[in-house]
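final.pdb follows (PDB, C-alpha atoms):
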ATOM      1  CA  MET A   1     -75.110 -54.172 -36.115
ATOM      2  CA  CYS A   2     -74.841 -51.222 -38.462
ATOM      3  CA  ARG A   3     -71.820 -50.511 -40.646
ATOM      4  CA  LEU A   4     -70.051 -47.167 -40.798
ATOM      5  CA  LEU A   5     -67.357 -45.353 -42.744
ATOM      6  CA  ALA A   6     -65.444 -42.115 -42.199
ATOM      7  CA  TYR A   7     -62.915 -40.304 -44.372
ATOM      8  CA  ALA A   8     -60.561 -37.403 -43.701
ATOM      9  CA  GLY A   9     -58.179 -36.154 -46.370
ATOM     10  CA  PRO A  10     -58.028 -34.210 -49.619
ATOM     11  CA  PRO A  11     -61.442 -33.667 -51.241
ATOM     12  CA  ILE A  12     -62.489 -36.665 -53.328
ATOM     13  CA  GLN A  13     -65.571 -37.811 -55.180
ATOM     14  CA  LEU A  14     -67.795 -39.720 -52.770
ATOM     15  CA  ASP A  15     -68.301 -42.454 -55.340
ATOM     16  CA  ARG A  16     -64.699 -43.525 -54.682
ATOM     17  CA  LEU A  17     -65.602 -44.196 -51.054
ATOM     18  CA  ILE A  18     -69.174 -45.434 -51.182
ATOM     19  CA  TYR A  19     -69.396 -47.473 -54.409
ATOM     20  CA  ALA A  20     -66.001 -48.123 -55.997
ATOM     21  CA  PRO A  21     -64.306 -50.361 -53.377
ATOM     22  CA  GLU A  22     -64.672 -54.123 -53.762
ATOM     23  CA  HIS A  23     -66.210 -54.416 -50.286
ATOM     24  CA  SER A  24     -67.858 -51.001 -50.300
ATOM     25  CA  LEU A  25     -70.374 -49.767 -47.772
ATOM     26  CA  ILE A  26     -73.066 -50.623 -50.316
ATOM     27  CA  VAL A  27     -71.853 -54.241 -50.393
ATOM     28  CA  GLN A  28     -71.672 -54.240 -46.595
ATOM     29  CA  SER A  29     -75.342 -53.265 -46.499
ATOM     30  CA  TYR A  30     -76.342 -56.643 -47.966
ATOM     31  CA  GLN A  31     -73.239 -58.841 -47.504
ATOM     32  CA  PRO A  32     -71.309 -57.829 -44.383
ATOM     33  CA  LYS A  33     -68.523 -60.109 -43.223
ATOM     34  CA  GLU A  34     -68.113 -59.251 -39.540
ATOM     35  CA  MET A  35     -71.603 -58.698 -38.148
ATOM     36  CA  GLU A  36     -72.286 -60.166 -34.690
ATOM     37  CA  VAL A  37     -75.969 -60.971 -35.055
ATOM     38  CA  ALA A  38     -77.811 -59.324 -37.947
ATOM     39  CA  ILE A  39     -77.157 -60.345 -41.546
ATOM     40  CA  LEU A  40     -78.366 -57.215 -43.375
ATOM     41  CA  ASN A  41     -78.084 -53.446 -43.001
ATOM     42  CA  GLY A  42     -81.162 -52.573 -45.002
ATOM     43  CA  ASP A  43     -83.024 -50.187 -42.694
ATOM     44  CA  GLY A  44     -81.654 -46.906 -43.981
ATOM     45  CA  VAL A  45     -78.601 -45.137 -45.329
ATOM     46  CA  GLY A  46     -77.034 -41.772 -44.657
ATOM     47  CA  LEU A  47     -74.180 -39.460 -45.609
ATOM     48  CA  GLY A  48     -72.669 -36.428 -43.908
ATOM     49  CA  TRP A  49     -70.093 -34.219 -45.610
ATOM     50  CA  TYR A  50     -68.517 -30.768 -45.436
ATOM     51  CA  HIS A  51     -67.924 -28.246 -48.195
ATOM     52  CA  PRO A  52     -64.193 -28.333 -48.972
ATOM     53  CA  GLU A  53     -63.858 -24.534 -49.179
ATOM     54  CA  ARG A  54     -66.525 -22.979 -46.951
ATOM     55  CA  GLN A  55     -66.767 -23.251 -43.167
ATOM     56  CA  GLU A  56     -70.369 -24.354 -42.945
ATOM     57  CA  VAL A  57     -72.552 -26.801 -41.098
ATOM     58  CA  PRO A  58     -72.447 -30.326 -42.560
ATOM     59  CA  TYR A  59     -74.662 -31.438 -45.398
ATOM     60  CA  ILE A  60     -76.767 -34.459 -44.480
ATOM     61  CA  TYR A  61     -78.518 -36.984 -46.708
ATOM     62  CA  ARG A  62     -80.643 -39.735 -45.138
ATOM     63  CA  ASN A  63     -83.071 -42.255 -46.554
ATOM     64  CA  THR A  64     -85.050 -45.139 -45.079
ATOM     65  CA  LEU A  65     -84.523 -47.236 -48.197
ATOM     66  CA  PRO A  66     -81.846 -49.928 -48.209
ATOM     67  CA  ALA A  67     -78.615 -48.486 -49.577
ATOM     68  CA  TRP A  68     -78.664 -50.944 -52.483
ATOM     69  CA  ASN A  69     -82.139 -49.747 -53.473
ATOM     70  CA  ASP A  70     -81.612 -45.979 -53.226
ATOM     71  CA  ILE A  71     -81.585 -44.803 -56.850
ATOM     72  CA  ASN A  72     -80.579 -41.248 -55.909
ATOM     73  CA  LEU A  73     -77.515 -42.180 -53.883
ATOM     74  CA  PRO A  74     -75.138 -43.109 -56.745
ATOM     75  CA  HIS A  75     -75.897 -39.821 -58.510
ATOM     76  CA  LEU A  76     -75.193 -37.832 -55.346
ATOM     77  CA  CYS A  77     -71.960 -39.704 -54.768
ATOM     78  CA  ARG A  78     -70.758 -38.982 -58.307
ATOM     79  CA  TYR A  79     -71.564 -35.290 -57.885
ATOM     80  CA  ILE A  80     -70.273 -34.551 -54.364
ATOM     81  CA  GLU A  81     -66.613 -33.965 -53.526
ATOM     82  CA  ALA A  82     -65.581 -33.554 -49.906
ATOM     83  CA  GLY A  83     -62.605 -33.935 -47.607
ATOM     84  CA  HIS A  84     -64.530 -34.997 -44.509
ATOM     85  CA  VAL A  85     -67.217 -37.645 -44.937
ATOM     86  CA  LEU A  86     -69.297 -39.840 -42.639
ATOM     87  CA  ALA A  87     -71.457 -42.662 -44.014
ATOM     88  CA  HIS A  88     -73.760 -45.178 -42.347
ATOM     89  CA  VAL A  89     -75.999 -48.119 -43.232
ATOM     90  CA  ARG A  90     -78.503 -49.157 -40.589
ATOM     91  CA  SER A  91     -79.625 -52.453 -39.133
ATOM     92  CA  ALA A  92     -82.549 -51.475 -36.913
ATOM     93  CA  THR A  93     -83.122 -52.935 -33.488
ATOM     94  CA  PRO A  94     -86.232 -55.149 -33.506
ATOM     95  CA  GLY A  95     -89.177 -53.034 -32.445
ATOM     96  CA  LEU A  96     -87.683 -49.701 -33.522
ATOM     97  CA  ALA A  97     -89.281 -48.032 -36.513
ATOM     98  CA  VAL A  98     -87.606 -47.720 -39.887
ATOM     99  CA  ASP A  99     -88.058 -43.968 -39.771
ATOM    100  CA  LEU A 100     -86.077 -41.029 -41.123
ATOM    101  CA  HIS A 101     -85.588 -39.659 -37.601
ATOM    102  CA  ASN A 102     -83.805 -42.889 -36.656
ATOM    103  CA  CYS A 103     -81.370 -42.795 -39.587
ATOM    104  CA  GLN A 104     -77.837 -41.479 -39.270
ATOM    105  CA  PRO A 105     -75.755 -39.286 -39.414
ATOM    106  CA  PHE A 106     -77.113 -36.970 -36.752
ATOM    107  CA  SER A 107     -75.920 -33.380 -36.741
ATOM    108  CA  MET A 108     -76.023 -30.197 -34.710
ATOM    109  CA  GLY A 109     -74.166 -27.030 -35.614
ATOM    110  CA  ARG A 110     -70.805 -28.009 -37.068
ATOM    111  CA  LEU A 111     -70.948 -31.521 -35.620
ATOM    112  CA  SER A 112     -71.910 -34.734 -37.378
ATOM    113  CA  PHE A 113     -72.108 -38.136 -35.694
ATOM    114  CA  ILE A 114     -72.429 -41.833 -36.540
ATOM    115  CA  HIS A 115     -72.665 -44.830 -34.212
ATOM    116  CA  ASN A 116     -72.450 -48.587 -34.571
ATOM    117  CA  GLY A 117     -73.429 -50.468 -31.442
ATOM    118  CA  PHE A 118     -76.195 -50.517 -28.869
ATOM    119  CA  ILE A 119     -77.279 -50.020 -25.304
ATOM    120  CA  GLU A 120     -78.775 -53.309 -24.198
ATOM    121  CA  ASN A 121     -82.574 -53.135 -23.877
ATOM    122  CA  PHE A 122     -82.265 -49.351 -24.124
ATOM    123  CA  ARG A 123     -85.901 -48.360 -23.674
ATOM    124  CA  HIS A 124     -86.081 -50.249 -20.368
ATOM    125  CA  THR A 125     -82.607 -49.485 -18.986
ATOM    126  CA  LEU A 126     -80.775 -46.210 -19.711
ATOM    127  CA  TYR A 127     -83.395 -44.351 -21.775
ATOM    128  CA  ARG A 128     -84.915 -42.496 -18.830
ATOM    129  CA  SER A 129     -81.651 -41.750 -17.023
ATOM    130  CA  ILE A 130     -80.033 -40.291 -20.152
ATOM    131  CA  ARG A 131     -83.047 -38.114 -20.909
ATOM    132  CA  ASP A 132     -83.199 -36.910 -17.303
ATOM    133  CA  SER A 133     -79.540 -35.847 -17.508
ATOM    134  CA  LEU A 134     -80.123 -33.522 -20.475
ATOM    135  CA  PRO A 135     -81.211 -29.876 -20.284
ATOM    136  CA  ASP A 136     -84.493 -29.053 -21.982
ATOM    137  CA  HIS A 137     -83.009 -27.352 -25.049
ATOM    138  CA  ILE A 138     -80.908 -30.431 -25.891
ATOM    139  CA  TYR A 139     -83.628 -32.895 -24.926
ATOM    140  CA  GLN A 140     -85.916 -31.178 -27.424
ATOM    141  CA  THR A 141     -83.474 -31.796 -30.283
ATOM    142  CA  ILE A 142     -84.020 -35.572 -30.018
ATOM    143  CA  HIS A 143     -86.579 -36.507 -32.665
ATOM    144  CA  GLY A 144     -86.096 -40.278 -32.872
ATOM    145  CA  LEU A 145     -86.008 -43.203 -30.462
ATOM    146  CA  THR A 146     -82.523 -44.641 -30.957
ATOM    147  CA  ASP A 147     -79.817 -44.951 -28.356
ATOM    148  CA  SER A 148     -77.488 -43.461 -30.980
ATOM    149  CA  GLU A 149     -79.262 -40.103 -31.072
ATOM    150  CA  HIS A 150     -79.331 -39.964 -27.273
ATOM    151  CA  ILE A 151     -75.572 -40.594 -27.147
ATOM    152  CA  PHE A 152     -75.037 -37.742 -29.608
ATOM    153  CA  ALA A 153     -77.152 -35.468 -27.403
ATOM    154  CA  MET A 154     -74.877 -36.388 -24.494
ATOM    155  CA  VAL A 155     -71.832 -35.327 -26.525
ATOM    156  CA  VAL A 156     -73.410 -31.954 -27.293
ATOM    157  CA  HIS A 157     -74.320 -31.527 -23.624
ATOM    158  CA  HIS A 158     -70.779 -32.243 -22.428
ATOM    159  CA  LEU A 159     -69.390 -29.721 -24.909
ATOM    160  CA  GLU A 160     -71.803 -27.114 -23.567
ATOM    161  CA  MET A 161     -70.846 -28.059 -20.004
ATOM    162  CA  GLY A 162     -67.213 -27.186 -20.610
ATOM    163  CA  ALA A 163     -65.459 -30.124 -22.248
ATOM    164  CA  PRO A 164     -62.491 -28.383 -23.904
ATOM    165  CA  ASN A 165     -62.610 -30.386 -27.129
ATOM    166  CA  LEU A 166     -64.387 -33.200 -28.963
ATOM    167  CA  THR A 167     -62.021 -35.857 -27.634
ATOM    168  CA  GLU A 168     -62.662 -34.939 -24.016
ATOM    169  CA  ALA A 169     -66.410 -34.675 -24.621
ATOM    170  CA  LEU A 170     -66.556 -38.165 -26.128
ATOM    171  CA  TYR A 171     -64.414 -39.551 -23.300
ATOM    172  CA  ARG A 172     -66.770 -38.086 -20.695
ATOM    173  CA  VAL A 173     -69.773 -39.557 -22.485
ATOM    174  CA  ILE A 174     -68.225 -43.040 -22.536
ATOM    175  CA  ILE A 175     -67.385 -42.843 -18.822
ATOM    176  CA  ASN A 176     -70.913 -41.644 -18.099
ATOM    177  CA  LEU A 177     -72.481 -44.443 -20.156
ATOM    178  CA  ALA A 178     -70.231 -47.041 -18.542
ATOM    179  CA  SER A 179     -71.217 -45.842 -15.063
ATOM    180  CA  HIS A 180     -74.940 -46.003 -15.824
ATOM    181  CA  ALA A 181     -74.533 -49.404 -17.487
ATOM    182  CA  ALA A 182     -72.593 -50.804 -14.538
ATOM    183  CA  GLN A 183     -75.378 -49.768 -12.171
ATOM    184  CA  ARG A 184     -77.990 -51.508 -14.323
ATOM    185  CA  GLY A 185     -75.824 -54.483 -15.328
ATOM    186  CA  VAL A 186     -76.280 -53.929 -19.062
ATOM    187  CA  ARG A 187     -74.004 -54.034 -22.068
ATOM    188  CA  VAL A 188     -72.961 -50.906 -23.959
ATOM    189  CA  ALA A 189     -71.257 -51.142 -27.351
ATOM    190  CA  ALA A 190     -70.188 -47.860 -28.903
ATOM    191  CA  ASN A 191     -68.190 -47.478 -32.070
ATOM    192  CA  ILE A 192     -68.618 -43.754 -32.693
ATOM    193  CA  VAL A 193     -67.210 -41.238 -35.163
ATOM    194  CA  LEU A 194     -67.626 -37.471 -34.803
ATOM    195  CA  SER A 195     -66.531 -34.737 -37.184
ATOM    196  CA  ASP A 196     -66.568 -30.957 -37.149
ATOM    197  CA  GLY A 197     -65.272 -30.670 -40.693
ATOM    198  CA  GLU A 198     -61.660 -30.309 -39.571
ATOM    199  CA  GLN A 199     -60.955 -33.402 -37.483
ATOM    200  CA  LEU A 200     -62.336 -36.840 -36.715
ATOM    201  CA  VAL A 201     -62.780 -38.134 -33.180
ATOM    202  CA  ALA A 202     -63.810 -41.750 -32.763
ATOM    203  CA  CYS A 203     -63.956 -44.557 -30.252
ATOM    204  CA  ARG A 204     -64.176 -48.313 -30.137
ATOM    205  CA  TYR A 205     -65.745 -49.280 -26.838
ATOM    206  CA  ASP A 206     -67.652 -52.168 -25.288
ATOM    207  CA  ASN A 207     -67.983 -52.714 -21.560
ATOM    208  CA  THR A 208     -67.833 -56.484 -22.096
ATOM    209  CA  GLY A 209     -64.617 -56.329 -24.126
ATOM    210  CA  LYS A 210     -66.337 -57.593 -27.300
ATOM    211  CA  SER A 211     -66.515 -54.423 -29.370
ATOM    212  CA  PRO A 212     -68.013 -54.361 -32.866
ATOM    213  CA  SER A 213     -65.306 -54.431 -35.528
ATOM    214  CA  LEU A 214     -63.517 -51.204 -36.489
ATOM    215  CA  TYR A 215     -60.471 -50.636 -38.716
ATOM    216  CA  TRP A 216     -58.354 -47.773 -39.921
ATOM    217  CA  LEU A 217     -56.221 -47.249 -43.013
ATOM    218  CA  GLN A 218     -53.735 -44.406 -43.401
ATOM    219  CA  ASP A 219     -52.008 -43.074 -46.524
ATOM    220  CA  HIS A 220     -53.047 -45.832 -48.905
ATOM    221  CA  PRO A 221     -51.667 -45.219 -52.446
ATOM    222  CA  ASP A 222     -55.225 -44.665 -53.708
ATOM    223  CA  PHE A 223     -56.010 -42.317 -50.799
ATOM    224  CA  LEU A 224     -52.807 -40.379 -50.140
ATOM    225  CA  ASP A 225     -52.586 -38.039 -47.145
ATOM    226  CA  SER A 226     -55.833 -39.425 -45.769
ATOM    227  CA  VAL A 227     -57.316 -41.650 -43.080
ATOM    228  CA  LEU A 228     -60.208 -44.081 -43.482
ATOM    229  CA  LEU A 229     -62.166 -45.563 -40.581
ATOM    230  CA  ALA A 230     -64.529 -48.413 -41.389
ATOM    231  CA  SER A 231     -66.452 -51.226 -39.739
ATOM    232  CA  GLU A 232     -64.915 -53.599 -42.289
ATOM    233  CA  PRO A 233     -61.992 -53.175 -44.716
ATOM    234  CA  LEU A 234     -63.207 -51.810 -48.035
ATOM    235  CA  PHE A 235     -60.460 -53.454 -50.102
ATOM    236  CA  GLU A 236     -57.139 -55.246 -49.730
ATOM    237  CA  GLY A 237     -54.574 -53.118 -47.939
ATOM    238  CA  ALA A 238     -52.778 -52.411 -44.691
ATOM    239  CA  TRP A 239     -55.943 -52.042 -42.630
ATOM    240  CA  VAL A 240     -55.333 -52.053 -38.876
ATOM    241  CA  SER A 241     -57.885 -53.409 -36.418
ATOM    242  CA  CYS A 242     -58.486 -50.791 -33.742
ATOM    243  CA  PRO A 243     -57.635 -51.936 -30.221
ATOM    244  CA  GLU A 244     -60.486 -52.459 -27.774
ATOM    245  CA  ASN A 245     -61.660 -49.537 -25.643
ATOM    246  CA  VAL A 246     -59.754 -46.642 -27.179
ATOM    247  CA  LEU A 247     -60.297 -43.125 -28.446
ATOM    248  CA  ILE A 248     -59.006 -42.315 -31.927
ATOM    249  CA  THR A 249     -58.271 -38.807 -33.165
ATOM    250  CA  VAL A 250     -57.471 -37.699 -36.707
ATOM    251  CA  THR A 251     -56.054 -34.177 -36.812
ATOM    252  CA  PRO A 252     -56.611 -31.616 -39.595
ATOM    253  CA  TYR A 253     -53.246 -32.824 -40.953
ATOM    254  CA  CYS A 254     -54.484 -36.444 -40.911
ATOM    255  CA  ASP A 255     -52.210 -37.523 -38.083
ATOM    256  CA  LEU A 256     -53.821 -40.459 -36.278
ATOM    257  CA  ASN A 257     -53.511 -40.872 -32.508
ATOM    258  CA  ILE A 258     -54.894 -43.492 -30.126
ATOM    259  CA  PHE A 259     -55.616 -43.096 -26.413
ATOM    260  CA  PRO A 260     -56.865 -45.792 -24.023
ATOM    261  CA  ILE A 261     -60.227 -45.272 -22.342
ATOM    262  CA  THR A 262     -59.347 -45.600 -18.665
ATOM    263  CA  GLY A 263     -61.571 -45.351 -15.620
ATOM    264  CA  ALA A 264     -64.689 -46.882 -17.183
ATOM    265  CA  PRO A 265     -66.453 -49.309 -14.796
ATOM    266  CA  SER A 266     -67.617 -52.667 -16.110
ATOM    267  CA  PRO A 267     -70.888 -54.384 -15.155
ATOM    268  CA  ASP A 268     -69.733 -57.521 -13.357
ATOM    269  CA  SER A 269     -73.342 -58.684 -13.179
ATOM    270  CA  LEU A 270     -73.601 -59.213 -16.947
ATOM    271  CA  THR A 271     -74.833 -62.679 -17.838
ATOM    272  CA  ALA A 272     -73.683 -64.802 -20.747
ATOM    273  CA  ASP A 273     -76.977 -64.097 -22.514
ATOM    274  CA  SER A 274     -76.644 -60.319 -22.214
ATOM    275  CA  ARG A 275     -73.110 -60.444 -23.564
ATOM    276  CA  THR A 276     -74.524 -61.541 -26.909
ATOM    277  CA  ALA A 277     -77.454 -59.128 -27.036
ATOM    278  CA  PRO A 278     -78.504 -57.946 -30.503
ATOM    279  CA  ALA A 279     -77.281 -54.601 -31.742
ATOM    280  CA  ALA A 280     -79.042 -51.297 -32.214
TER     281      ALA A 280
END

Could you spell out this file's structure in structure tokens?
Amino acid sequence: MCRLLAYAGPPIQLDRLIYAPEHSLIVQSYQPKEMEVAILNGDGVGLGWYHPERQEVPYIYRNTLPAWNDINLPHLCRYIEAGHVLAHVRSATPGLAVDLHNCQPFSMGRLSFIHNGFIENFRHTLYRSIRDSLPDHIYQTIHGLTDSEHIFAMVVHHLEMGAPNLTEALYRVIINLASHAAQRGVRVAANIVLSDGEQLVACRYDNTGKSPSLYWLQDHPDFLDSVLLASEPLFEGAWVSCPENVLITVTPYCDLNIFPITGAPSPDSLTADSRTAPAA
């Protein structure tokens, strides 16, 4: 599976998040500790961040190089300061291209999005049904082939269809995915983080109850008045493992709240083999 990182708090130099920690996202790209199947995250790297003073769309940097081999990334991270940051290192599903369009974060308008997880056998299960559910103008924004980008398109669609906020939109997407997956008897794993530059909305979800790892850390002495979300702890500290099947919100004041995801059907027909399917 991929590894992800999100930060909300006072503007800081990105180097402090991406490179400085002992078990940084760069280290997790080649030596992760809690991966289910894959052993490397070398199929691309990406950053999304917001200007700390101007209300603008997010800035996005993506590269198909392994994070440890991207010679531009450390210079960018020393230069950029931001108060809302998403970062991602990719482990591609076998058969999917290592292509810039498949790298994260994805963005649209003020939104940025990262995902760690997968839809089991996506191209042969939920690919068509998700695409058929999208209006043309959103369908046409999908440039890659990943389940992740399709899930992001679903979030945008639910916001356009009247979801009152990001939290409700993400909840509706998870319920929708769970319903489709239950009908097809497939596994869905979705650790997701969304930002609009003011708040973070995230989830840890798996319809088999075996979610990819996700942790949070709040108000660490080195990151006061902030919240970190990460696939794996970056350093020693009071990291908390997120409960299974929850939504997580981080307000503009960095208050963290957790809500259970209720009402999501589970695919009782899942086999033992499908419960250990490789990640996207």

For this session: To verify the selection step, state as a ChimeraX atom specification which residues the PyMOL selection byres ((chain A and resi 75-92) around 6) yields on this input.
Result: /A:1-15,41,43-50,52,72-74,93,197,280

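Of the listed residues A:Leu96, A:Leu65, A:Leu17, A:Ile60, the one whose atoms come nearest to Arg110 (chain A) is A:Ile60, with distances taken using only C-alpha atoms.
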
Exercise. Closest to Ile258 (chain A) among A:Ala202, A:Leu111, A:Met161, A:Ile130, using all atoms listed in the file?
Worked result: A:Ala202

Exercise. Taking into account only C-alpha atoms, which residue in the set A:Asp99, A:Glu22, A:Asp147, A:Asp132 is nearest to Ile114 (chain A)?
Worked result: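 Nearest to Ile114 (chain A): A:Asp147.
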
Problem set entry | Residues returned when the PyMOL selection byres ((chain A and resi 122) around 12) runs on this file, as a VMD selection string | chain A and resid 93 to 96 117 to 121 123 to 131 145 to 151 177 180 to 181 184 186 to 189 277 to 280

For this session: Just give me the gap between CA of Ala178 (chain A) and CA of His157 (chain A) in Å, one decimal is fine.
Result: 16.8 Å

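Here the question is which of A:Asp196, A:Glu34, A:Asp70, A:Glu56 gets nearest to Phe113 (chain A) using only C-alpha atoms, and that residue is A:Asp196.
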
For this session: Take the PyMOL selection byres ((chain A and resi 237-241) around 10), apply it to the structure above, and return the hits as a list of chain:residue names.
Result: A:Ser213, A:Leu214, A:Tyr215, A:Trp216, A:Leu217, A:Gln218, A:Asp219, A:His220, A:Pro221, A:Leu228, A:Leu229, A:Ala230, A:Ser231, A:Glu232, A:Pro233, A:Leu234, A:Phe235, A:Glu236, A:Cys242, A:Pro243, A:Glu244

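Going from CA of Gln199 (chain A) over to CA of Val250 (chain A), you cover 5.6 Å.
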
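What separates CA of Ile71 (chain A) from CA of Ala97 (chain A) is a distance of 22.0 Å.
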
Seminar exercise, completed: For Leu25 (chain A), the closest of A:Ile138, A:Ala67, A:Ala38, A:Leu224 counting all atoms listed in the file is A:Ala67

Problem set entry | Selection as a PyMOL selection string: residues within 6 Å of (-53.7, -37.9, -43.0), counting all atoms listed in the file | chain A and resi 9+225-227+253-255

Problem set entry | Given only C-alpha atoms as the counted atoms, nearest of A:Trp68, A:Phe259, A:Tyr61, A:Phe152 to Leu194 (chain A) |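 The shortest atom-to-atom distance to Leu194 (chain A) comes from A:Phe152.
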
Starting from the sparse input, extend region 166-183 of chain A to N, CA and C atoms and give the output as an mmCIF file, keeping the file's coordinate frame.
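Saved result, out-v2.cif, follows:
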data_model
loop_
_atom_site.group_PDB
_atom_site.id
_atom_site.type_symbol
_atom_site.label_atom_id
_atom_site.label_comp_id
_atom_site.auth_asym_id
_atom_site.auth_seq_id
_atom_site.Cartn_x
_atom_site.Cartn_y
_atom_site.Cartn_z
ATOM 1 N N LEU A 166 -63.559 -32.045 -28.617
ATOM 2 C CA LEU A 166 -64.387 -33.200 -28.963
ATOM 3 C C LEU A 166 -63.894 -34.484 -28.297
ATOM 4 N N THR A 167 -62.580 -34.640 -28.222
ATOM 5 C CA THR A 167 -62.021 -35.857 -27.634
ATOM 6 C C THR A 167 -62.430 -35.994 -26.177
ATOM 7 N N GLU A 168 -62.291 -34.908 -25.432
ATOM 8 C CA GLU A 168 -62.662 -34.939 -24.016
ATOM 9 C C GLU A 168 -64.165 -35.135 -23.847
ATOM 10 N N ALA A 169 -64.956 -34.508 -24.708
ATOM 11 C CA ALA A 169 -66.410 -34.675 -24.621
ATOM 12 C C ALA A 169 -66.804 -36.126 -24.842
ATOM 13 N N LEU A 170 -66.228 -36.769 -25.857
ATOM 14 C CA LEU A 170 -66.556 -38.165 -26.128
ATOM 15 C C LEU A 170 -66.088 -39.063 -24.988
ATOM 16 N N TYR A 171 -64.908 -38.772 -24.441
ATOM 17 C CA TYR A 171 -64.414 -39.551 -23.300
ATOM 18 C C TYR A 171 -65.389 -39.463 -22.125
ATOM 19 N N ARG A 172 -65.847 -38.258 -21.822
ATOM 20 C CA ARG A 172 -66.770 -38.086 -20.695
ATOM 21 C C ARG A 172 -68.082 -38.830 -20.935
ATOM 22 N N VAL A 173 -68.542 -38.836 -22.164
ATOM 23 C CA VAL A 173 -69.773 -39.557 -22.485
ATOM 24 C C VAL A 173 -69.594 -41.058 -22.262
ATOM 25 N N ILE A 174 -68.469 -41.601 -22.715
ATOM 26 C CA ILE A 174 -68.225 -43.040 -22.536
ATOM 27 C C ILE A 174 -68.156 -43.396 -21.055
ATOM 28 N N ILE A 175 -67.460 -42.585 -20.261
ATOM 29 C CA ILE A 175 -67.385 -42.843 -18.822
ATOM 30 C C ILE A 175 -68.774 -42.777 -18.195
ATOM 31 N N ASN A 176 -69.554 -41.793 -18.613
ATOM 32 C CA ASN A 176 -70.913 -41.644 -18.099
ATOM 33 C C ASN A 176 -71.775 -42.847 -18.457
ATOM 34 N N LEU A 177 -71.718 -43.272 -19.725
ATOM 35 C CA LEU A 177 -72.481 -44.443 -20.156
ATOM 36 C C LEU A 177 -72.052 -45.694 -19.398
ATOM 37 N N ALA A 178 -70.742 -45.860 -19.238
ATOM 38 C CA ALA A 178 -70.231 -47.041 -18.542
ATOM 39 C C ALA A 178 -70.708 -47.075 -17.095
ATOM 40 N N SER A 179 -70.759 -45.905 -16.452
ATOM 41 C CA SER A 179 -71.217 -45.842 -15.063
ATOM 42 C C SER A 179 -72.690 -46.224 -14.955
ATOM 43 N N HIS A 180 -73.516 -45.656 -15.827
ATOM 44 C CA HIS A 180 -74.940 -46.003 -15.824
ATOM 45 C C HIS A 180 -75.140 -47.490 -16.128
ATOM 46 N N ALA A 181 -74.382 -48.000 -17.097
ATOM 47 C CA ALA A 181 -74.533 -49.404 -17.487
ATOM 48 C C ALA A 181 -74.106 -50.341 -16.370
ATOM 49 N N ALA A 182 -73.052 -49.967 -15.641
ATOM 50 C CA ALA A 182 -72.593 -50.804 -14.538
ATOM 51 C C ALA A 182 -73.649 -50.885 -13.442
ATOM 52 N N GLN A 183 -74.330 -49.776 -13.192
ATOM 53 C CA GLN A 183 -75.378 -49.768 -12.171
ATOM 54 C C GLN A 183 -76.546 -50.669 -12.557
#
